[in-house]
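Peer 1: Before I ask anything, let me first share the structure, which is written out below as structure tokens.
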Amino acid sequence: MKRFTLSLLLIIVILGILAGCVSEDGGSSNEDSGSDGNSDNEGEASSETSSDEELSIAVVPKLVGIPYFNASETGAEKAGEELGVNVQYTGPTEADASQQVQKIENLISQGVDTIAVAPNDPASVDPVLKKAKDQGIHVMDWDTPANEVDLSVKQVDDEEFGRHMAKKLVEAMGTEEGNIAILTGGLAAANLNAWIDAAKAELDENYPDVEIVTEKIPTDEKQQVAYQKTLDLIKSYPDLDGVLAVSTPAPLGAAQAVQEEGLQEEVSVVGSALPTDSQPYLEDGSLDTAVLWNPEDLGYLTVALGKMLAEGKMPEDGQEIEGIGQISVKDDGKTVIMGPPQDYTKENAGDFDF
Amino acid sequence: MKSLLRQKEFSIFAIIVVISIILSIVSPAFLTIGNLLDVVEGNVVMGILAIGMTLIIITSDIDVSVAAITTAVAVSVGALFSYLPDSWISLAIIFLIAPVIGLLIGSVNGLLVSKIQIPAIVVTLGTLNIINGLVLYFTNGRYLNSTNFPKSFLSFSNVEIFGIPILIFILVFVAILTWYILKHTFIGRSVMAIGGNQQSSIRVGINYQKVKLFVFAYMGFLCGIAAIAQTAYTKAVDPNGLLGLELTVIAAVVLGGTNIHGGRGTIHGTLLGVLLLALIQNGMILARIDTFWQNVVTGAIIVFAVSYDHISYKRQQEKLAKIEVA
């Protein structure tokens with residue numbers, strides 16, 4: 001019996017260690033193993049020199065392991081290869097501010113050249129970004145703005161994006177009067193709120209006969225919650241014409257409800273979603289248009305601009321970035337907008353692999 | 001009638017009736033068969049998990065890894081889907097494999113709790129993290145949509161019998177099975193006994209370790225069934241879709257009158273607890289309550305329900321005490 005207990009304990013300990021390794025691997029980027037491979041080939045001495053020559057750029061997402069940030073990881077690594085910089089893509093395993101701060105602390109002690117962060121909570125990364133700056137590390141944000149940064153990369157202009165989604169929804173409804181509802185990921189998400197406000201402004205100004213039936217409805221970033229809420233909405237407002245769903249799982253849930261109720265013709269759904277996820281709903285018209293930007297490009301652009309920053313250059317308005325296109329820089333001189341929003345429809349959704 | 005009124009579950013039932021009356025006055029869409037079926041179908045996963053959790057809480061333990069185990073099974077099933085043919089055999093395979101995977105993970109929890117006697121909250125927190133880490137590592141968070149699902153599984157998830165979705169029958173089956181075990185089998189009676197008084201139950205010869213192993217393994221088994229229900233319901237596998245569900249499950253069980261210190265709890269009480277939470281969620285939009293007030297209303301109803309329940313229980317205990325004195 002004792003032996004059994006002992007062996008079981010041993011197994012648990014081993015399992016625990018293994019799990020530790022695994023989650024470390026999952027947490028840090030593949031780039032680590034890539035650079036390890038290189039240094040093996042070149043011998044140990046050269047790994048030191050290469051870190052002197054090659055700029056190293058750290059990209060910190062809100063969390064690792066969701067499709068969106070996986071796509072931007074692909075883009076960031078591609079940029080690393082093409083531009084000859086060392087890219088570290090590492091972030092917390094859940095969207096947690098304090099875990100993210102720890103990751104940044106680690107990067108500071110590694111002495112990278114540039115840190116690009118998509119903060120879970122802008123205020124909580126302030127002190128650690130300041131510390132990075134004091135040590136001569138260039139600091140920028142991407143995806144979501146932070147306060148203490150030299151450069152800010154935005155995927156789209158929030159105002160433009162919100163207005164664009166509203167326009168697409170009215171287009172899908174085929175009428176400039178009707179009732180719509182708005183689903184959101186969470187009530188506290190600043191970027192989602194900015195989009196919704198812009199969408200509302202667009203409707204107010206240009207489509208005064210489109211009425212929003214209720215306050216925005218939170219869906220906890222979960223498809224099944226969005227699905228249930230949409231079912232409830234359809235029952236509660238039988239004359240509903242459209243649903244605007246922001247946050248990536250919400251349009252899928254809303255479209256699933258429309259699909260199962262067979263209301264493709266009556267209720268239009270437009271929202272921010274990734275093309276592969278939304279394909280089954282785009283095909284039968286339960287989801288009319290998914291609007292987003294290209295997350296791969298965003299990762300690529302972040303690394304490209306991070307490299308410029310490390311070399312002491314700043315991007316200019318209208319500058320052409322290879323592989324991305326023309327970027328625009330806002331009047332403050334440090335906010336970069338990647339480009340216009342991208343529409344994913346029945347016709348083009350199959351062409352993307354994220 | 002009187003014995004019915006005196007039952008502990010009656011208070012929560014009364015609250016459900018009151019809420020239903022209010023909702024059907026406020027919204028004509030509430031008291032329709034379609035809506036009620038939607039509500040039940042949407043909470044089948046929570047119901048199945050809550051039933052298993054009831055057994056665990058009766059033995060005065062807790063399992064916080066239920067959502068993680070369900071996700072693990074769902075992800076495994078999703079990985080299996082691309083190898084399965086479009087025939088009914090794949091359905092049989094899934095119904096065979098999913099509960100077994102769940103059972104195995106649950107048994108690991110059970111062994112650690114019963115043989116080594118590590119507190120269940122520590123064990124299940126550990127398995128929760130191990131599973132979440134592994135799931136993230138293997139799937140990289142990738143969402144699986146229904147394009148790879150076998151057609152037989154998709155048509156299964158749309159089956160209705162007498163207009164009632166198949167998922168609801170699964171919940172009913174699980175509920176009756178668990179009720180029977182708890183009421184009419186030796187192991188089920190042992191579960192109640194251990195929760196009531198651990199020392200005495202061991203003295204009368206109940207095998208403590210066996211019972212603990214059973215409740216956690218059975219929980220795992222139900223997680224496997226819940227994973228099938230979840231996959232059929234969303235027609236997708238989302239590795240992040242159930243994050244945090246364990247807390248709602250525990251809340252439903254406690255709302256349903258199960259004593260968090262063990263020894264007391266019923267299946268129908270738990271189902272009522274799930275139904276109450278489900279109706280509150282459903283009613284918010286139907287009653288057109290403003291988004292920002294929804295959390296306030298939800299919280300208020302839960303606090304009210306639990307205090308009402310507790311007060312009536314206390315009164316009953318006092319009455320019992322008086323009788324003893326007399």
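To be explicit about the labels: the chains of the structure tokens are called A, B, and onward in the order shown, and within each one the residues are counted from 1, while ligands get numbers from 1 in the order they are shown.
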For the contact check between chain B and chain A, emit one row per residue of chain B within 7 Å, containing the shortest atom pair and the distance in Å rounded to one decimal, counting only C-alpha atoms, chain then rising number order, as JSON lines.
Peer 2:
{"residue": "B:Ala29", "atom": "CA", "partner": "A:Lys235", "partner_atom": "CA", "distance": 6.0}
{"residue": "B:Gly42", "atom": "CA", "partner": "A:Gln228", "partner_atom": "CA", "distance": 6.9}
{"residue": "B:Ile116", "atom": "CA", "partner": "A:Thr5", "partner_atom": "CA", "distance": 6.8}
{"residue": "B:Ile130", "atom": "CA", "partner": "A:Ala19", "partner_atom": "CA", "distance": 5.9}
{"residue": "B:Gly133", "atom": "CA", "partner": "A:Ser23", "partner_atom": "CA", "distance": 5.3}
{"residue": "B:Leu136", "atom": "CA", "partner": "A:Gly65", "partner_atom": "CA", "distance": 6.0}
{"residue": "B:Tyr137", "atom": "CA", "partner": "A:Gly26", "partner_atom": "CA", "distance": 5.3}
{"residue": "B:Asn140", "atom": "CA", "partner": "A:Gly65", "partner_atom": "CA", "distance": 4.5}
{"residue": "B:Gly141", "atom": "CA", "partner": "A:Ile66", "partner_atom": "CA", "distance": 4.4}
{"residue": "B:Arg142", "atom": "CA", "partner": "A:Pro67", "partner_atom": "CA", "distance": 5.5}
{"residue": "B:Tyr143", "atom": "CA", "partner": "A:Asp277", "partner_atom": "CA", "distance": 6.9}
{"residue": "B:Asn145", "atom": "CA", "partner": "A:Asp277", "partner_atom": "CA", "distance": 6.1}
{"residue": "B:Thr147", "atom": "CA", "partner": "A:Pro280", "partner_atom": "CA", "distance": 6.9}
{"residue": "B:Thr234", "atom": "CA", "partner": "A:Gln224", "partner_atom": "CA", "distance": 6.2}
{"residue": "B:Gly241", "atom": "CA", "partner": "A:Lys222", "partner_atom": "CA", "distance": 5.5}
{"residue": "B:Asn282", "atom": "CA", "partner": "A:Asp232", "partner_atom": "CA", "distance": 6.7}
{"residue": "B:Ile285", "atom": "CA", "partner": "A:Asp232", "partner_atom": "CA", "distance": 6.3}
{"residue": "B:Leu286", "atom": "CA", "partner": "A:Ser236", "partner_atom": "CA", "distance": 5.1}
{"residue": "B:Asp290", "atom": "CA", "partner": "A:Glu215", "partner_atom": "CA", "distance": 6.3}
{"residue": "B:Thr291", "atom": "CA", "partner": "A:Glu215", "partner_atom": "CA", "distance": 5.9}
Peer 1: From a DSSP pass on the backbone, collect the residues of stretch 122-282 of chain B flagged as strand (DSSP E) and hand them back as a PyMOL selection string.
Peer 2: chain B and resi 160-161+164-165
Peer 1: Emit the selected residues as a PDB file, in the first residue's frame, including C-alpha atoms.
Peer 2:
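Dumped everything to again_29.pdb:
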ATOM      1  CA  GLU B 160     -36.176  16.191 -31.402  1.00  0.00           C
ATOM      2  CA  ILE B 161     -38.528  13.709 -29.792  1.00  0.00           C
ATOM      3  CA  ILE B 164     -38.243  18.213 -27.265  1.00  0.00           C
ATOM      4  CA  PRO B 165     -34.518  18.481 -28.117  1.00  0.00           C
TER       5      PRO B 165
END
Peer 1: So how far away is atom CA of B:Thr139 from atom CA of A:Glu105, in Å?
Peer 2: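 Value for the atom CA of A:Glu105-atom CA of B:Thr139 distance: 27.5 Å.
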Peer 1: Applying 10 Å and only C-alpha atoms, which residues near A:Ala123 remain after dropping the ones on its own chain fewer than 5 positions away? List them as a PDB file with N, CA and C atoms, in the first residue's frame.
Peer 2:
ATOM      1  N   ALA A  97      -3.559  41.009 -15.940  1.00  0.00           N
ATOM      2  CA  ALA A  97      -2.632  42.138 -15.935  1.00  0.00           C
ATOM      3  C   ALA A  97      -1.344  41.826 -15.176  1.00  0.00           C
ATOM      4  N   ALA A 146      -1.355  51.800 -24.596  1.00  0.00           N
ATOM      5  CA  ALA A 146      -0.838  51.955 -23.239  1.00  0.00           C
ATOM      6  C   ALA A 146      -0.434  53.421 -23.062  1.00  0.00           C
ATOM      7  N   ASN A 147      -0.055  53.820 -21.855  1.00  0.00           N
ATOM      8  CA  ASN A 147       0.234  55.239 -21.624  1.00  0.00           C
ATOM      9  C   ASN A 147       1.686  55.626 -21.873  1.00  0.00           C
ATOM     10  N   GLU A 148       2.617  54.861 -21.263  1.00  0.00           N
ATOM     11  CA  GLU A 148       4.022  55.251 -21.269  1.00  0.00           C
ATOM     12  C   GLU A 148       4.755  54.702 -22.485  1.00  0.00           C
TER      13      GLU A 148
END
Peer 1: According to DSSP computed on the backbone, where in stretch 28-277 of chain B is there helix (DSSP H, G or I)? Give the residues as a PyMOL selection string.
Peer 2: chain B and resi 33-42+44-58+66-81+88-114+120-139+146-148+151-157+166-184+186-196+198-203+208-234+245-255+267-277
